[in-house]
Amino acid sequence: MANIKVTVWNEYRHERVNEHVASIYPEGIHNAIGGYLKTQEGIEVRTAVLDDPDHGLTDEVLDNTDVLIWWGHLAHGEVRDDIVAKVREKVLDGMGLIVLHSGHGSKIFESLLGTKTGALKWRDDGEKERIWVIEHGHPIAEGLDQYIEISKEEMYGERFEIPAPDELVFISWFEGGEVFRSGCCYRRGKGKLFYFRPGHETFPIYHQPEIQQVIGNGVRWAAPVKGASVAYGRVAPIEPIGNKG
């Protein structure tokens with residue numbers, strides 16, 4: 001079986017302007033995630049960042065990406081609309097997409113879901129989060145316990161302005177009392193989309209083994225499958241059509 005080709009995309013701004021974030025992710029969030037995925041059998045990894053030519057998402061890169069992982073926050077508006085359109089078409093044609101944390105406000109997430117996905121409640125007080133597994137048999141939850149506990153995280157709370165997920169794998173409870181849909185699966189065209197909530201840049205979330213495991217599981221779930229053949233447009237009849245006159 002061919003390896004899954006993963007591109008980890010990160011706007012790569014916090015790590016360059018905030019010393020605390022840089023101390024947690026000295027090589028960037030993209031390399032923290034990519035470094036873990038490189039240890040997983042059957043996965044090939046490349047990285048791309050906002051300030052690369054074409055945001056690192058050239059036709060050659062996208063043509064050789066099975067699953068795209070997206071982390072953004074400060075610079076959603078700087079992502080070019082033509083690049084967003086290309087990524088959207090790739091997803092509709094079968095490329096998997098994993099959107100992480102504040103990527104909920106990205107143009108690509110909003111484009112694929114069709115709602116104001118940036119709308120939610122939030123609070124950055126470093127409170128405890130428990131991410132509860134509510135679909136224990138789902139491939140993305142493989143190998144997990146009943147919940148993942150994060151000692152300090154940014155709170156996201158409902159209402160989260162997204163369409164009802166096709167599959168809801170995780171919900172979060174926060175120390176301050178809020179809950180949130182934290183693991184949302186969608187199908188768009190031939191492609192699969194997974195939104196995974198944790199990952200605030202000022203906490204070492206992507207170094208936590210359970211979070212890494214979910215991302216790895218998500219890559220395998222979102223990877224394209226060949227499936228049945230597909231035909232579009234006007235086609236000849238499969239069986240002869242009798243005279244209806």
# chains A, B, ... in the order shown; residues from 1 in each chain; ligands from 1
call {"tool": "select_by_dssp", "arguments": {"residues": "region 11-215 of chain A", "states": "strand (DSSP E or B)", "output": "ChimeraX atom specification"}}
result
/A:43-49,67-71,96-100,121-133,147-157,167-174,179-188,191-196
call {"tool": "residues_around", "arguments": {"residues": "region 32-40 of chain A", "least_positions_apart": "3", "cutoff": "10 Å", "atoms": "only C-alpha atoms", "output": "number ranges by chain"}}
result
A: 6-9, 24-29, 43-47, 69, 204, 206-207, 209, 211-213, 215-216, 219
call {"tool": "select_by_dssp", "arguments": {"residues": "region 9-245 of chain A", "states": "alpha helix (DSSP H)", "output": "ChimeraX atom specification"}}
result
/A:14-17,19-24,29-37,59-63,81-92,107-113,209-222
call {"tool": "residues_around", "arguments": {"residues": "region 138-151 of chain A", "least_positions_apart": "2", "cutoff": "10 Å", "atoms": "only C-alpha atoms", "output": "mmCIF file with N, CA, C and O atoms, in the first residue's frame"}}
result
data_model
loop_
_atom_site.group_PDB
_atom_site.id
_atom_site.type_symbol
_atom_site.label_atom_id
_atom_site.label_comp_id
_atom_site.auth_asym_id
_atom_site.auth_seq_id
_atom_site.Cartn_x
_atom_site.Cartn_y
_atom_site.Cartn_z
ATOM 1 N N GLY A 126 -6.308 29.626 30.521
ATOM 2 C CA GLY A 126 -5.487 28.476 30.881
ATOM 3 C C GLY A 126 -6.200 27.505 31.801
ATOM 4 O O GLY A 126 -5.653 27.072 32.823
ATOM 5 N N GLU A 127 -7.425 27.123 31.442
ATOM 6 C CA GLU A 127 -8.204 26.234 32.300
ATOM 7 C C GLU A 127 -8.152 24.792 31.818
ATOM 8 O O GLU A 127 -7.766 24.499 30.692
ATOM 9 N N LYS A 128 -8.555 23.883 32.690
ATOM 10 C CA LYS A 128 -8.552 22.455 32.362
ATOM 11 C C LYS A 128 -9.627 22.137 31.328
ATOM 12 O O LYS A 128 -10.721 22.682 31.360
ATOM 13 N N GLU A 129 -9.267 21.246 30.423
ATOM 14 C CA GLU A 129 -10.208 20.758 29.413
ATOM 15 C C GLU A 129 -10.237 19.241 29.452
ATOM 16 O O GLU A 129 -9.190 18.590 29.566
ATOM 17 N N ARG A 130 -11.427 18.680 29.352
ATOM 18 C CA ARG A 130 -11.581 17.242 29.130
ATOM 19 C C ARG A 130 -12.285 17.042 27.806
ATOM 20 O O ARG A 130 -13.395 17.534 27.595
ATOM 21 N N ILE A 131 -11.610 16.329 26.905
ATOM 22 C CA ILE A 131 -12.163 16.024 25.590
ATOM 23 C C ILE A 131 -12.736 14.614 25.665
ATOM 24 O O ILE A 131 -11.996 13.622 25.723
ATOM 25 N N TRP A 132 -14.048 14.526 25.704
ATOM 26 C CA TRP A 132 -14.714 13.238 25.876
ATOM 27 C C TRP A 132 -14.926 12.546 24.528
ATOM 28 O O TRP A 132 -15.356 13.167 23.556
ATOM 29 N N VAL A 133 -14.616 11.259 24.497
ATOM 30 C CA VAL A 133 -14.872 10.432 23.317
ATOM 31 C C VAL A 133 -16.334 10.021 23.365
ATOM 32 O O VAL A 133 -16.771 9.354 24.310
ATOM 33 N N ILE A 134 -17.103 10.401 22.360
ATOM 34 C CA ILE A 134 -18.521 10.018 22.341
ATOM 35 C C ILE A 134 -18.834 9.009 21.238
ATOM 36 O O ILE A 134 -19.937 8.481 21.187
ATOM 37 N N GLU A 135 -17.868 8.751 20.346
ATOM 38 C CA GLU A 135 -17.996 7.672 19.360
ATOM 39 C C GLU A 135 -16.781 6.775 19.524
ATOM 40 O O GLU A 135 -15.792 6.900 18.809
ATOM 41 N N HIS A 136 -16.877 5.864 20.496
ATOM 42 C CA HIS A 136 -15.686 5.084 20.881
ATOM 43 C C HIS A 136 -15.207 4.165 19.773
ATOM 44 O O HIS A 136 -14.031 3.798 19.741
ATOM 45 N N GLU A 153 -5.612 25.085 28.819
ATOM 46 C CA GLU A 153 -5.981 25.314 27.423
ATOM 47 C C GLU A 153 -6.858 26.554 27.311
ATOM 48 O O GLU A 153 -7.415 27.032 28.303
ATOM 49 N N GLU A 167 -20.438 13.247 11.589
ATOM 50 C CA GLU A 167 -20.087 12.410 12.736
ATOM 51 C C GLU A 167 -19.435 13.316 13.779
ATOM 52 O O GLU A 167 -18.532 14.082 13.452
ATOM 53 N N LEU A 168 -19.893 13.211 15.014
ATOM 54 C CA LEU A 168 -19.305 13.969 16.116
ATOM 55 C C LEU A 168 -18.544 12.984 16.995
ATOM 56 O O LEU A 168 -19.150 12.148 17.666
ATOM 57 N N VAL A 169 -17.218 13.080 16.987
ATOM 58 C CA VAL A 169 -16.374 12.105 17.679
ATOM 59 C C VAL A 169 -16.042 12.552 19.097
ATOM 60 O O VAL A 169 -15.971 11.739 20.015
ATOM 61 N N PHE A 170 -15.835 13.864 19.303
ATOM 62 C CA PHE A 170 -15.430 14.391 20.602
ATOM 63 C C PHE A 170 -16.279 15.604 20.986
ATOM 64 O O PHE A 170 -16.647 16.414 20.126
ATOM 65 N N ILE A 171 -16.553 15.719 22.292
ATOM 66 C CA ILE A 171 -17.043 16.970 22.854
ATOM 67 C C ILE A 171 -16.137 17.340 24.024
ATOM 68 O O ILE A 171 -15.601 16.466 24.709
ATOM 69 N N SER A 172 -15.958 18.640 24.227
ATOM 70 C CA SER A 172 -15.099 19.121 25.306
ATOM 71 C C SER A 172 -15.918 19.729 26.432
ATOM 72 O O SER A 172 -16.934 20.387 26.202
ATOM 73 N N TRP A 173 -15.443 19.503 27.665
ATOM 74 C CA TRP A 173 -15.914 20.216 28.848
ATOM 75 C C TRP A 173 -14.744 21.025 29.375
ATOM 76 O O TRP A 173 -13.607 20.551 29.394
ATOM 77 N N PHE A 174 -15.035 22.269 29.798
ATOM 78 C CA PHE A 174 -14.003 23.147 30.333
ATOM 79 C C PHE A 174 -14.270 23.461 31.796
ATOM 80 O O PHE A 174 -15.419 23.476 32.256
ATOM 81 N N GLU A 175 -13.195 23.754 32.501
ATOM 82 C CA GLU A 175 -13.252 24.024 33.929
ATOM 83 C C GLU A 175 -14.230 25.136 34.269
ATOM 84 O O GLU A 175 -14.870 25.117 35.332
ATOM 85 N N GLY A 183 -14.554 17.490 17.944
ATOM 86 C CA GLY A 183 -14.070 16.558 16.931
ATOM 87 C C GLY A 183 -15.160 16.296 15.925
ATOM 88 O O GLY A 183 -16.026 15.433 16.137
ATOM 89 N N CYS A 185 -16.556 15.565 12.008
ATOM 90 C CA CYS A 185 -16.238 14.958 10.715
ATOM 91 C C CYS A 185 -17.307 15.332 9.685
ATOM 92 O O CYS A 185 -18.503 15.291 9.982
ATOM 93 N N PHE A 194 -11.935 16.828 8.828
ATOM 94 C CA PHE A 194 -11.973 16.626 10.275
ATOM 95 C C PHE A 194 -11.541 17.917 10.957
ATOM 96 O O PHE A 194 -10.447 18.423 10.687
ATOM 97 N N PRO A 198 -8.388 21.297 20.003
ATOM 98 C CA PRO A 198 -7.271 21.746 20.846
ATOM 99 C C PRO A 198 -6.073 22.235 20.042
ATOM 100 O O PRO A 198 -5.891 21.867 18.888
ATOM 101 N N PHE A 203 0.313 27.011 24.784
ATOM 102 C CA PHE A 203 0.408 25.797 25.591
ATOM 103 C C PHE A 203 0.981 24.664 24.722
ATOM 104 O O PHE A 203 0.756 24.633 23.511
ATOM 105 N N PRO A 204 1.677 23.706 25.326
ATOM 106 C CA PRO A 204 2.371 22.669 24.541
ATOM 107 C C PRO A 204 1.453 21.531 24.100
ATOM 108 O O PRO A 204 1.779 20.347 24.250
ATOM 109 N N ILE A 205 0.318 21.874 23.534
ATOM 110 C CA ILE A 205 -0.718 20.881 23.224
ATOM 111 C C ILE A 205 -0.230 19.841 22.227
ATOM 112 O O ILE A 205 -0.494 18.638 22.380
ATOM 113 N N GLN A 208 1.594 16.706 23.356
ATOM 114 C CA GLN A 208 0.886 15.739 24.195
ATOM 115 C C GLN A 208 0.578 14.483 23.390
ATOM 116 O O GLN A 208 -0.034 14.551 22.321
ATOM 117 N N PRO A 209 0.965 13.304 23.889
ATOM 118 C CA PRO A 209 0.837 12.076 23.082
ATOM 119 C C PRO A 209 -0.578 11.790 22.601
ATOM 120 O O PRO A 209 -0.765 11.344 21.462
ATOM 121 N N GLU A 210 -1.590 12.009 23.439
ATOM 122 C CA GLU A 210 -2.959 11.700 23.008
ATOM 123 C C GLU A 210 -3.408 12.605 21.867
ATOM 124 O O GLU A 210 -4.140 12.165 20.968
ATOM 125 N N ILE A 211 -2.981 13.865 21.900
ATOM 126 C CA ILE A 211 -3.334 14.793 20.827
ATOM 127 C C ILE A 211 -2.639 14.373 19.538
ATOM 128 O O ILE A 211 -3.240 14.383 18.453
ATOM 129 N N GLN A 213 -1.793 11.380 18.785
ATOM 130 C CA GLN A 213 -2.442 10.157 18.319
ATOM 131 C C GLN A 213 -3.717 10.470 17.541
ATOM 132 O O GLN A 213 -3.983 9.863 16.498
ATOM 133 N N VAL A 214 -4.506 11.425 18.040
ATOM 134 C CA VAL A 214 -5.731 11.800 17.327
ATOM 135 C C VAL A 214 -5.399 12.341 15.945
ATOM 136 O O VAL A 214 -6.064 11.994 14.952
ATOM 137 N N ILE A 215 -4.368 13.168 15.846
ATOM 138 C CA ILE A 215 -4.000 13.722 14.539
ATOM 139 C C ILE A 215 -3.557 12.606 13.599
ATOM 140 O O ILE A 215 -3.947 12.574 12.423
ATOM 141 N N GLY A 216 -2.754 11.681 14.101
ATOM 142 C CA GLY A 216 -2.345 10.541 13.272
ATOM 143 C C GLY A 216 -3.533 9.707 12.829
ATOM 144 O O GLY A 216 -3.632 9.298 11.661
ATOM 145 N N ASN A 217 -4.454 9.434 13.752
ATOM 146 C CA ASN A 217 -5.670 8.707 13.397
ATOM 147 C C ASN A 217 -6.487 9.478 12.366
ATOM 148 O O ASN A 217 -7.068 8.893 11.433
ATOM 149 N N GLY A 218 -6.533 10.815 12.545
ATOM 150 C CA GLY A 218 -7.282 11.637 11.607
ATOM 151 C C GLY A 218 -6.712 11.595 10.205
ATOM 152 O O GLY A 218 -7.452 11.584 9.219
ATOM 153 N N VAL A 219 -5.385 11.559 10.106
ATOM 154 C CA VAL A 219 -4.740 11.449 8.796
ATOM 155 C C VAL A 219 -5.169 10.162 8.100
ATOM 156 O O VAL A 219 -5.528 10.167 6.911
ATOM 157 N N ARG A 220 -5.162 9.071 8.831
ATOM 158 C CA ARG A 220 -5.532 7.781 8.212
ATOM 159 C C ARG A 220 -6.999 7.764 7.822
ATOM 160 O O ARG A 220 -7.367 7.220 6.779
ATOM 161 N N TRP A 221 -7.852 8.376 8.643
ATOM 162 C CA TRP A 221 -9.283 8.427 8.315
ATOM 163 C C TRP A 221 -9.543 9.301 7.089
ATOM 164 O O TRP A 221 -10.367 8.963 6.234
ATOM 165 N N ALA A 222 -8.851 10.443 7.015
ATOM 166 C CA ALA A 222 -9.135 11.414 5.953
ATOM 167 C C ALA A 222 -8.488 11.076 4.624
ATOM 168 O O ALA A 222 -8.820 11.678 3.603
#
call {"tool": "atom_distance", "arguments": {"atom1": "CA of Glu89 (chain A)", "atom2": "CA of Thr115 (chain A)"}}
result
17.8 Å
